[in-house]
>>> print(open('upload.txt').read())   # compact mmCIF, N, CA and C atoms and all ligand atoms
# COMPACT_ATOMS: atom_id res chain seq x y z
N MET F 1 0.85 -1.20 0.00
CA MET F 1 0.00 0.00 0.00
C MET F 1 0.88 1.25 0.00
N ASN F 2 0.46 2.21 -0.73
CA ASN F 2 1.19 3.47 -0.81
C ASN F 2 0.78 4.36 0.36
N GLN F 3 1.59 4.37 1.43
CA GLN F 3 1.22 5.12 2.62
C GLN F 3 1.18 6.62 2.38
N LEU F 4 2.02 7.10 1.49
CA LEU F 4 2.03 8.54 1.20
C LEU F 4 0.69 8.99 0.65
N ALA F 5 0.09 8.18 -0.19
CA ALA F 5 -1.15 8.58 -0.85
C ALA F 5 -2.39 8.08 -0.14
N GLU F 6 -2.22 7.42 1.00
CA GLU F 6 -3.36 6.83 1.68
C GLU F 6 -4.42 7.86 2.06
N ALA F 7 -4.01 8.98 2.63
CA ALA F 7 -4.98 10.01 3.04
C ALA F 7 -5.68 10.62 1.82
N TYR F 8 -4.92 10.74 0.74
CA TYR F 8 -5.51 11.26 -0.51
C TYR F 8 -6.57 10.29 -1.02
N ASP F 9 -6.21 9.00 -1.08
CA ASP F 9 -7.14 7.99 -1.55
C ASP F 9 -8.38 7.90 -0.65
N GLU F 10 -8.17 7.93 0.66
CA GLU F 10 -9.30 7.88 1.60
C GLU F 10 -10.24 9.05 1.37
N GLY F 11 -9.68 10.23 1.13
CA GLY F 11 -10.50 11.40 0.86
C GLY F 11 -11.35 11.20 -0.38
N LEU F 12 -10.74 10.72 -1.44
CA LEU F 12 -11.50 10.51 -2.68
C LEU F 12 -12.63 9.51 -2.46
N ARG F 13 -12.35 8.44 -1.72
CA ARG F 13 -13.41 7.45 -1.45
C ARG F 13 -14.55 8.08 -0.65
N ALA F 14 -14.22 9.05 0.18
CA ALA F 14 -15.24 9.74 0.99
C ALA F 14 -15.84 10.93 0.24
N GLY F 15 -15.45 11.11 -1.01
CA GLY F 15 -16.02 12.20 -1.80
C GLY F 15 -15.35 13.54 -1.55
N GLU F 16 -14.11 13.51 -1.09
CA GLU F 16 -13.42 14.75 -0.75
C GLU F 16 -12.03 14.77 -1.39
N LEU F 17 -11.71 15.89 -2.01
CA LEU F 17 -10.37 16.08 -2.56
C LEU F 17 -9.53 16.73 -1.46
N ARG F 18 -8.44 16.07 -1.09
CA ARG F 18 -7.60 16.57 0.01
C ARG F 18 -6.22 16.92 -0.51
N LEU F 19 -5.65 17.93 0.11
CA LEU F 19 -4.29 18.34 -0.21
C LEU F 19 -3.43 18.27 1.04
N GLN F 20 -2.18 17.97 0.81
CA GLN F 20 -1.20 17.98 1.89
C GLN F 20 -0.71 19.43 2.06
N TYR F 21 -0.54 19.83 3.32
CA TYR F 21 -0.04 21.17 3.63
C TYR F 21 1.15 21.09 4.55
N CYS F 22 2.04 22.06 4.42
CA CYS F 22 3.18 22.17 5.32
C CYS F 22 2.80 23.11 6.46
N GLU F 23 2.96 22.63 7.70
CA GLU F 23 2.63 23.44 8.87
C GLU F 23 3.58 24.64 9.02
N LYS F 24 4.81 24.46 8.56
CA LYS F 24 5.83 25.48 8.76
C LYS F 24 5.66 26.64 7.77
N CYS F 25 5.58 26.34 6.48
CA CYS F 25 5.50 27.43 5.50
C CYS F 25 4.09 27.58 4.91
N GLU F 26 3.16 26.71 5.35
CA GLU F 26 1.74 26.82 5.02
C GLU F 26 1.45 26.72 3.53
N ARG F 27 2.30 26.04 2.81
CA ARG F 27 2.06 25.87 1.38
C ARG F 27 1.41 24.52 1.10
N ALA F 28 0.58 24.49 0.06
CA ALA F 28 -0.04 23.24 -0.38
C ALA F 28 1.00 22.43 -1.15
N ILE F 29 0.90 21.12 -1.00
CA ILE F 29 1.86 20.20 -1.62
C ILE F 29 1.09 19.17 -2.45
N MET F 30 1.49 18.98 -3.65
CA MET F 30 0.95 17.92 -4.50
C MET F 30 2.08 17.54 -5.43
N TYR F 31 2.43 16.32 -5.57
CA TYR F 31 1.88 15.12 -5.00
C TYR F 31 2.42 14.90 -3.58
N PRO F 32 1.75 13.98 -2.83
CA PRO F 32 2.14 13.77 -1.44
C PRO F 32 3.63 13.45 -1.28
N LYS F 33 4.18 14.01 -0.24
CA LYS F 33 5.61 13.82 0.05
C LYS F 33 5.82 13.60 1.54
N HIS F 34 7.01 13.10 1.89
CA HIS F 34 7.36 12.92 3.30
C HIS F 34 7.84 14.23 3.92
N ARG F 35 8.38 15.12 3.08
CA ARG F 35 8.86 16.42 3.57
C ARG F 35 8.43 17.51 2.60
N CYS F 36 8.28 18.71 3.13
CA CYS F 36 7.89 19.83 2.30
C CYS F 36 8.98 20.11 1.26
N PRO F 37 8.61 20.21 -0.02
CA PRO F 37 9.62 20.47 -1.04
C PRO F 37 10.11 21.92 -1.03
N TYR F 38 9.45 22.80 -0.27
CA TYR F 38 9.82 24.22 -0.25
C TYR F 38 10.75 24.55 0.92
N CYS F 39 10.42 24.01 2.12
CA CYS F 39 11.22 24.36 3.31
C CYS F 39 11.81 23.12 3.99
N PHE F 40 11.52 21.95 3.44
CA PHE F 40 12.01 20.67 3.96
C PHE F 40 11.41 20.34 5.33
N GLY F 41 10.35 21.04 5.71
CA GLY F 41 9.69 20.76 6.97
C GLY F 41 9.03 19.38 6.94
N SER F 42 8.92 18.77 8.12
CA SER F 42 8.36 17.42 8.18
C SER F 42 6.97 17.39 8.81
N GLU F 43 6.44 18.54 9.24
CA GLU F 43 5.11 18.60 9.84
C GLU F 43 4.09 18.85 8.73
N LEU F 44 3.58 17.77 8.16
CA LEU F 44 2.65 17.88 7.04
C LEU F 44 1.27 17.38 7.47
N THR F 45 0.25 18.08 7.06
CA THR F 45 -1.12 17.70 7.40
C THR F 45 -1.95 17.61 6.12
N TRP F 46 -3.16 17.11 6.27
CA TRP F 46 -4.09 17.00 5.15
C TRP F 46 -5.30 17.87 5.41
N GLN F 47 -5.72 18.61 4.40
CA GLN F 47 -6.90 19.46 4.52
C GLN F 47 -7.73 19.35 3.25
N PRO F 48 -9.03 19.58 3.34
CA PRO F 48 -9.87 19.55 2.14
C PRO F 48 -9.46 20.66 1.17
N ALA F 49 -9.46 20.33 -0.09
CA ALA F 49 -9.15 21.31 -1.13
C ALA F 49 -10.42 22.02 -1.57
N SER F 50 -10.24 23.16 -2.21
CA SER F 50 -11.40 23.90 -2.73
C SER F 50 -12.13 23.08 -3.78
N GLY F 51 -11.40 22.30 -4.53
CA GLY F 51 -12.00 21.52 -5.61
C GLY F 51 -12.18 22.32 -6.89
N THR F 52 -11.79 23.58 -6.88
CA THR F 52 -11.91 24.39 -8.08
C THR F 52 -10.53 24.69 -8.65
N GLY F 53 -10.52 24.83 -9.97
CA GLY F 53 -9.26 25.12 -10.63
C GLY F 53 -9.46 25.37 -12.10
N THR F 54 -8.37 25.32 -12.84
CA THR F 54 -8.45 25.49 -14.28
C THR F 54 -7.77 24.30 -14.96
N LEU F 55 -8.23 24.03 -16.16
CA LEU F 55 -7.69 22.90 -16.92
C LEU F 55 -6.42 23.35 -17.64
N TYR F 56 -5.31 22.77 -17.25
CA TYR F 56 -4.03 23.15 -17.84
C TYR F 56 -3.78 22.39 -19.13
N SER F 57 -4.11 21.12 -19.15
CA SER F 57 -3.95 20.33 -20.37
C SER F 57 -4.86 19.13 -20.30
N LEU F 58 -5.11 18.53 -21.44
CA LEU F 58 -5.91 17.31 -21.47
C LEU F 58 -5.49 16.45 -22.64
N THR F 59 -5.75 15.17 -22.48
CA THR F 59 -5.52 14.24 -23.58
C THR F 59 -6.65 13.22 -23.53
N VAL F 60 -7.15 12.88 -24.71
CA VAL F 60 -8.16 11.83 -24.80
C VAL F 60 -7.47 10.58 -25.32
N GLN F 61 -7.53 9.55 -24.50
CA GLN F 61 -6.87 8.29 -24.81
C GLN F 61 -7.84 7.42 -25.60
N HIS F 62 -7.45 7.10 -26.84
CA HIS F 62 -8.28 6.21 -27.67
C HIS F 62 -7.66 4.83 -27.81
N LEU F 63 -6.34 4.79 -27.79
CA LEU F 63 -5.60 3.53 -28.00
C LEU F 63 -4.44 3.47 -27.01
N GLY F 64 -3.94 2.26 -26.83
CA GLY F 64 -2.69 2.10 -26.11
C GLY F 64 -2.75 2.38 -24.63
N ALA F 65 -3.91 2.17 -24.00
CA ALA F 65 -4.02 2.38 -22.56
C ALA F 65 -3.31 1.24 -21.82
N PRO F 66 -2.86 1.52 -20.60
CA PRO F 66 -2.34 0.42 -19.79
C PRO F 66 -3.39 -0.67 -19.64
N THR F 67 -2.95 -1.89 -19.48
CA THR F 67 -3.85 -3.05 -19.47
C THR F 67 -5.05 -2.86 -18.55
N ALA F 68 -4.83 -2.30 -17.37
CA ALA F 68 -5.92 -2.14 -16.40
C ALA F 68 -6.98 -1.15 -16.87
N PHE F 69 -6.68 -0.36 -17.91
CA PHE F 69 -7.61 0.68 -18.35
C PHE F 69 -8.18 0.43 -19.74
N THR F 70 -7.80 -0.68 -20.39
CA THR F 70 -8.24 -0.88 -21.77
C THR F 70 -9.76 -0.97 -21.90
N ASP F 71 -10.42 -1.49 -20.87
CA ASP F 71 -11.89 -1.60 -20.95
C ASP F 71 -12.58 -0.26 -20.70
N GLN F 72 -11.81 0.79 -20.42
CA GLN F 72 -12.40 2.11 -20.17
C GLN F 72 -12.23 3.04 -21.37
N LEU F 73 -11.55 2.60 -22.40
CA LEU F 73 -11.32 3.45 -23.57
C LEU F 73 -12.62 3.82 -24.25
N PRO F 74 -12.75 5.02 -24.82
CA PRO F 74 -11.81 6.12 -24.65
C PRO F 74 -12.06 6.84 -23.32
N TYR F 75 -11.04 7.50 -22.82
CA TYR F 75 -11.19 8.30 -21.61
C TYR F 75 -10.29 9.52 -21.70
N ALA F 76 -10.56 10.49 -20.86
CA ALA F 76 -9.79 11.73 -20.91
C ALA F 76 -9.07 11.98 -19.59
N LEU F 77 -7.80 12.32 -19.71
CA LEU F 77 -6.98 12.71 -18.56
C LEU F 77 -6.74 14.21 -18.65
N GLY F 78 -6.82 14.87 -17.53
CA GLY F 78 -6.56 16.30 -17.52
C GLY F 78 -5.61 16.69 -16.40
N VAL F 79 -4.76 17.65 -16.68
CA VAL F 79 -3.95 18.25 -15.62
C VAL F 79 -4.69 19.49 -15.16
N VAL F 80 -5.06 19.51 -13.88
CA VAL F 80 -5.85 20.60 -13.31
C VAL F 80 -4.97 21.40 -12.35
N ARG F 81 -4.97 22.71 -12.55
CA ARG F 81 -4.31 23.61 -11.61
C ARG F 81 -5.35 24.07 -10.61
N LEU F 82 -5.21 23.62 -9.38
CA LEU F 82 -6.18 23.99 -8.35
C LEU F 82 -5.99 25.42 -7.89
N ALA F 83 -7.03 25.98 -7.30
CA ALA F 83 -6.97 27.34 -6.78
C ALA F 83 -5.86 27.49 -5.74
N GLU F 84 -5.50 26.38 -5.09
CA GLU F 84 -4.44 26.40 -4.07
C GLU F 84 -3.04 26.53 -4.68
N GLY F 85 -2.95 26.46 -6.00
CA GLY F 85 -1.66 26.68 -6.66
C GLY F 85 -0.90 25.42 -7.02
N VAL F 86 -1.46 24.27 -6.72
CA VAL F 86 -0.81 23.03 -7.11
C VAL F 86 -1.59 22.40 -8.25
N GLN F 87 -0.98 21.47 -8.94
CA GLN F 87 -1.69 20.80 -10.02
C GLN F 87 -1.62 19.31 -9.85
N LEU F 88 -2.61 18.64 -10.43
CA LEU F 88 -2.69 17.19 -10.33
C LEU F 88 -3.32 16.62 -11.58
N LEU F 89 -3.11 15.34 -11.75
CA LEU F 89 -3.70 14.62 -12.88
C LEU F 89 -5.03 14.04 -12.43
N GLY F 90 -6.07 14.23 -13.24
CA GLY F 90 -7.37 13.67 -12.92
C GLY F 90 -8.04 13.18 -14.18
N ARG F 91 -9.21 12.62 -13.99
CA ARG F 91 -10.02 12.19 -15.13
C ARG F 91 -11.08 13.25 -15.37
N LEU F 92 -11.48 13.39 -16.65
CA LEU F 92 -12.48 14.38 -17.03
C LEU F 92 -13.77 13.67 -17.40
N LEU F 93 -14.87 14.09 -16.79
CA LEU F 93 -16.17 13.52 -17.14
C LEU F 93 -16.51 13.91 -18.57
N PRO F 94 -17.09 12.99 -19.34
CA PRO F 94 -17.45 13.34 -20.71
C PRO F 94 -18.58 14.36 -20.76
N ASP F 95 -18.65 15.07 -21.89
CA ASP F 95 -19.76 15.99 -22.15
C ASP F 95 -21.05 15.18 -22.31
N ALA F 96 -22.16 15.87 -22.49
CA ALA F 96 -23.45 15.20 -22.66
C ALA F 96 -23.44 14.28 -23.88
N ASP F 97 -22.61 14.61 -24.89
CA ASP F 97 -22.54 13.77 -26.09
C ASP F 97 -21.56 12.61 -25.96
N GLY F 98 -20.99 12.44 -24.80
CA GLY F 98 -20.07 11.33 -24.58
C GLY F 98 -18.63 11.62 -24.95
N GLY F 99 -18.37 12.79 -25.52
CA GLY F 99 -17.00 13.15 -25.89
C GLY F 99 -16.45 14.22 -24.96
N TRP F 100 -15.36 14.84 -25.38
CA TRP F 100 -14.72 15.86 -24.53
C TRP F 100 -14.47 17.15 -25.30
N SER F 101 -15.21 17.34 -26.41
CA SER F 101 -14.95 18.50 -27.27
C SER F 101 -15.34 19.82 -26.59
N GLY F 102 -16.11 19.75 -25.52
CA GLY F 102 -16.50 20.97 -24.82
C GLY F 102 -15.43 21.53 -23.90
N TYR F 103 -14.38 20.75 -23.68
CA TYR F 103 -13.31 21.20 -22.79
C TYR F 103 -12.36 22.13 -23.54
N ARG F 104 -11.86 23.12 -22.85
CA ARG F 104 -10.89 24.07 -23.40
C ARG F 104 -9.79 24.28 -22.37
N PHE F 105 -8.61 24.52 -22.87
CA PHE F 105 -7.50 24.84 -21.97
C PHE F 105 -7.84 26.11 -21.20
N ASP F 106 -7.44 26.15 -19.95
CA ASP F 106 -7.65 27.28 -19.05
C ASP F 106 -9.10 27.48 -18.64
N MET F 107 -9.99 26.57 -19.02
CA MET F 107 -11.37 26.73 -18.57
C MET F 107 -11.49 26.34 -17.10
N ALA F 108 -12.49 26.92 -16.44
CA ALA F 108 -12.72 26.60 -15.03
C ALA F 108 -13.31 25.19 -14.92
N VAL F 109 -12.74 24.40 -14.05
CA VAL F 109 -13.23 23.05 -13.80
C VAL F 109 -13.40 22.86 -12.30
N GLU F 110 -14.18 21.84 -11.95
CA GLU F 110 -14.43 21.56 -10.54
C GLU F 110 -14.36 20.07 -10.28
N PHE F 111 -13.95 19.75 -9.09
CA PHE F 111 -13.89 18.36 -8.62
C PHE F 111 -15.31 17.83 -8.49
N VAL F 112 -15.51 16.57 -8.89
CA VAL F 112 -16.80 15.92 -8.78
C VAL F 112 -16.66 14.73 -7.84
N PRO F 113 -17.24 14.81 -6.63
CA PRO F 113 -17.10 13.71 -5.69
C PRO F 113 -17.91 12.49 -6.12
N ASN F 114 -17.25 11.36 -6.17
CA ASN F 114 -17.90 10.07 -6.48
C ASN F 114 -18.97 10.16 -7.57
N PRO F 115 -18.61 10.55 -8.79
CA PRO F 115 -19.62 10.67 -9.84
C PRO F 115 -20.23 9.32 -10.19
N ALA F 116 -21.50 9.34 -10.53
CA ALA F 116 -22.20 8.11 -10.90
C ALA F 116 -21.82 7.72 -12.33
N GLY F 117 -21.84 6.43 -12.57
CA GLY F 117 -21.67 5.93 -13.93
C GLY F 117 -20.25 5.93 -14.46
N VAL F 118 -19.28 6.09 -13.58
CA VAL F 118 -17.89 6.04 -14.05
C VAL F 118 -17.29 4.67 -13.69
N PRO F 119 -16.28 4.25 -14.43
CA PRO F 119 -15.68 2.95 -14.12
C PRO F 119 -15.08 2.95 -12.72
N GLN F 120 -15.26 1.84 -12.02
CA GLN F 120 -14.66 1.70 -10.70
C GLN F 120 -13.23 1.20 -10.86
N THR F 121 -12.35 1.80 -10.14
CA THR F 121 -10.94 1.43 -10.22
C THR F 121 -10.45 1.04 -8.84
N GLU F 122 -9.39 0.26 -8.82
CA GLU F 122 -8.85 -0.21 -7.55
C GLU F 122 -8.44 0.97 -6.68
N ARG F 123 -7.74 1.92 -7.29
CA ARG F 123 -7.40 3.15 -6.57
C ARG F 123 -8.33 4.24 -7.06
N PRO F 124 -8.86 5.05 -6.15
CA PRO F 124 -9.78 6.11 -6.57
C PRO F 124 -9.07 7.16 -7.42
N ILE F 125 -9.85 7.84 -8.23
CA ILE F 125 -9.33 8.86 -9.14
C ILE F 125 -10.12 10.14 -8.90
N ALA F 126 -9.45 11.27 -8.98
CA ALA F 126 -10.14 12.56 -8.89
C ALA F 126 -10.78 12.87 -10.24
N TRP F 127 -12.09 13.08 -10.22
CA TRP F 127 -12.83 13.41 -11.45
C TRP F 127 -13.16 14.90 -11.46
N PHE F 128 -13.10 15.48 -12.66
CA PHE F 128 -13.40 16.89 -12.83
C PHE F 128 -14.37 17.09 -13.99
N ARG F 129 -15.07 18.21 -13.95
CA ARG F 129 -15.98 18.60 -15.03
C ARG F 129 -15.91 20.11 -15.15
N PRO F 130 -16.41 20.66 -16.28
CA PRO F 130 -16.44 22.13 -16.38
C PRO F 130 -17.29 22.71 -15.25
N THR F 131 -16.85 23.82 -14.70
CA THR F 131 -17.60 24.48 -13.64
C THR F 131 -18.92 24.99 -14.20
N ALA F 132 -19.98 24.73 -13.47
CA ALA F 132 -21.30 25.18 -13.91
C ALA F 132 -21.30 26.70 -14.03
N GLN F 133 -21.83 27.19 -15.14
CA GLN F 133 -21.85 28.64 -15.38
C GLN F 133 -23.02 29.29 -14.67
ZN ZN A 1 7.18 24.04 4.02
>>> encode(input="upload.txt", output="C-alpha cells")
Amino acid sequence: MNQLAEAYDEGLRAGELRLQYCEKCERAIMYPKHRCPYCFGSELTWQPASGTGTLYSLTVQHLGAPTAFTDQLPYALGVVRLAEGVQLLGRLLPDADGGWSGYRFDMAVEFVPNPAGVPQTERPIAWFRPTAQ
C-alpha cells in the first residue's frame, strides 16, 4: 500500500479532494511527500481542497491504454491547476454527447465527488468537469 497517498485515496473514497499542507510554510503540496519540497519541513497535514481550478492540459486516450484501463477506452486525462496553486492529474467527465470537445484549456473546472456511472478502479481517481456557469 502506498502510505504517502493513503490520506488522498481515503479522501477521494469519501467524496473529498484533500491536499497535503506544510505546517511550517503553510504551502499546499501535490503530489504527497514525506517532507515539504519548499522548506524541507516534516510537519505535514491534510486538509480539504477547494475543488476548483483550471484545466491546464488534457488528452483523450483512444488507444494504447495500460492493461488495467483498456476496458475504459476512450477516456480523458486532464492536468488541473487547483486554486491552491498546485496541479494534479485527474479524469475528465465526458460531455453530454459522450466526448470531450467541450473542454478548453484554461477553462474553469471543478472536482466531482464520487460521480455516478464512471468505471470503478482499484485506486480512486479525482474526477473533474467544467464548472457550472
Ligand atoms: Zn514548508
>>> closest_atom_pairs(input="upload.txt", of="chain F", to="ligand ZN 1 (chain A)", cutoff="8 Å", atoms="only N, CA and C atoms and all ligand atoms", output="CSV")
residue,atom,partner,partner_atom,distance
F:Tyr21,C,A:ZN1,ZN,6.7
F:Cys22,CA,A:ZN1,ZN,4.6
F:Glu23,N,A:ZN1,ZN,5.8
F:Lys24,C,A:ZN1,ZN,4.8
F:Cys25,N,A:ZN1,ZN,3.7
F:Glu26,N,A:ZN1,ZN,5.0
F:Arg27,N,A:ZN1,ZN,5.4
F:Ala28,N,A:ZN1,ZN,7.7
F:Arg35,C,A:ZN1,ZN,6.8
F:Cys36,CA,A:ZN1,ZN,4.6
F:Pro37,N,A:ZN1,ZN,5.7
F:Tyr38,C,A:ZN1,ZN,4.8
F:Cys39,N,A:ZN1,ZN,3.8
F:Phe40,N,A:ZN1,ZN,4.9
F:Gly41,N,A:ZN1,ZN,4.7
F:Ser42,N,A:ZN1,ZN,6.9
F:Glu43,N,A:ZN1,ZN,7.6
>>> select_by_dssp(input="upload.txt", residues="chain F", states="alpha helix (DSSP H)", output="PyMOL selection string")
chain F and resi 6-13
>>> atom_distance(input="upload.txt", atom1="atom N of Gln120 in chain F", atom2="atom N of Leu88 in chain F")
21.1 Å
>>> residues_around(input="upload.txt", residues="range 76-83 of chain F", least_positions_apart="2", cutoff="8 Å", atoms="all atoms listed in the file", output="PyMOL selection string")
chain F and resi 49-62+72-74+85-94+100+109+128
>>> select_by_dssp(input="upload.txt", residues="chain F", states="strand (DSSP E)", output="ChimeraX atom specification")
/F:18-22,28-29,44-48,52-61,75-82,87-92,108-112,127-130
>>> atom_distance(input="upload.txt", atom1="atom C of Gly102 in chain F", atom2="atom C of Trp127 in chain F")
14.3 Å
>>> atom_distance(input="upload.txt", atom1="atom C of Ala108 in chain F", atom2="atom N of Arg129 in chain F")
7.3 Å
>>> closest_atom_pairs(input="upload.txt", of="range 24-89 of chain F", to="range 8-20 of chain F", cutoff="5 Å", atoms="all atoms listed in the file", output="Markdown table")
| residue | atom | partner | partner_atom | distance |
| --- | --- | --- | --- | --- |
| F:Ala28 | CA | F:Gln20 | C | 4.6 |
| F:Ile29 | N | F:Gln20 | C | 3.8 |
| F:Thr45 | C | F:Gln20 | CA | 4.3 |
| F:Trp46 | CA | F:Leu19 | C | 4.4 |
| F:Gln47 | C | F:Leu19 | N | 4.0 |
| F:Pro48 | CA | F:Arg18 | CA | 4.3 |
| F:Ala49 | N | F:Leu17 | C | 3.9 |
>>> residues_near_point(input="upload.txt", point="(-10.7, -5.2, -14.3)", cutoff="8 Å", atoms="only N, CA and C atoms", output="MDAnalysis selection string")
chainID F and resid 67:69 71 120:122
>>> closest_residue(input="upload.txt", among="F:Pro130, F:Glu6, F:Pro124, F:Pro32", to="Phe105 in chain F", atoms="only C-alpha atoms")
F:Pro130
>>> axis_aligned_box(input="upload.txt", around="range 58-71 of chain F", padding_each_side="4 Å", output="JSON")
{"center_x": -7.5, "center_y": 7.7, "center_z": -22.2, "size_x": 18.2, "size_y": 29.6, "size_z": 19.6}
>>> closest_residue(input="upload.txt", among="F:Ala132, F:Leu44, F:Ala65, F:Ala7", to="Glu110 in chain F", atoms="all atoms listed in the file")
F:Ala132
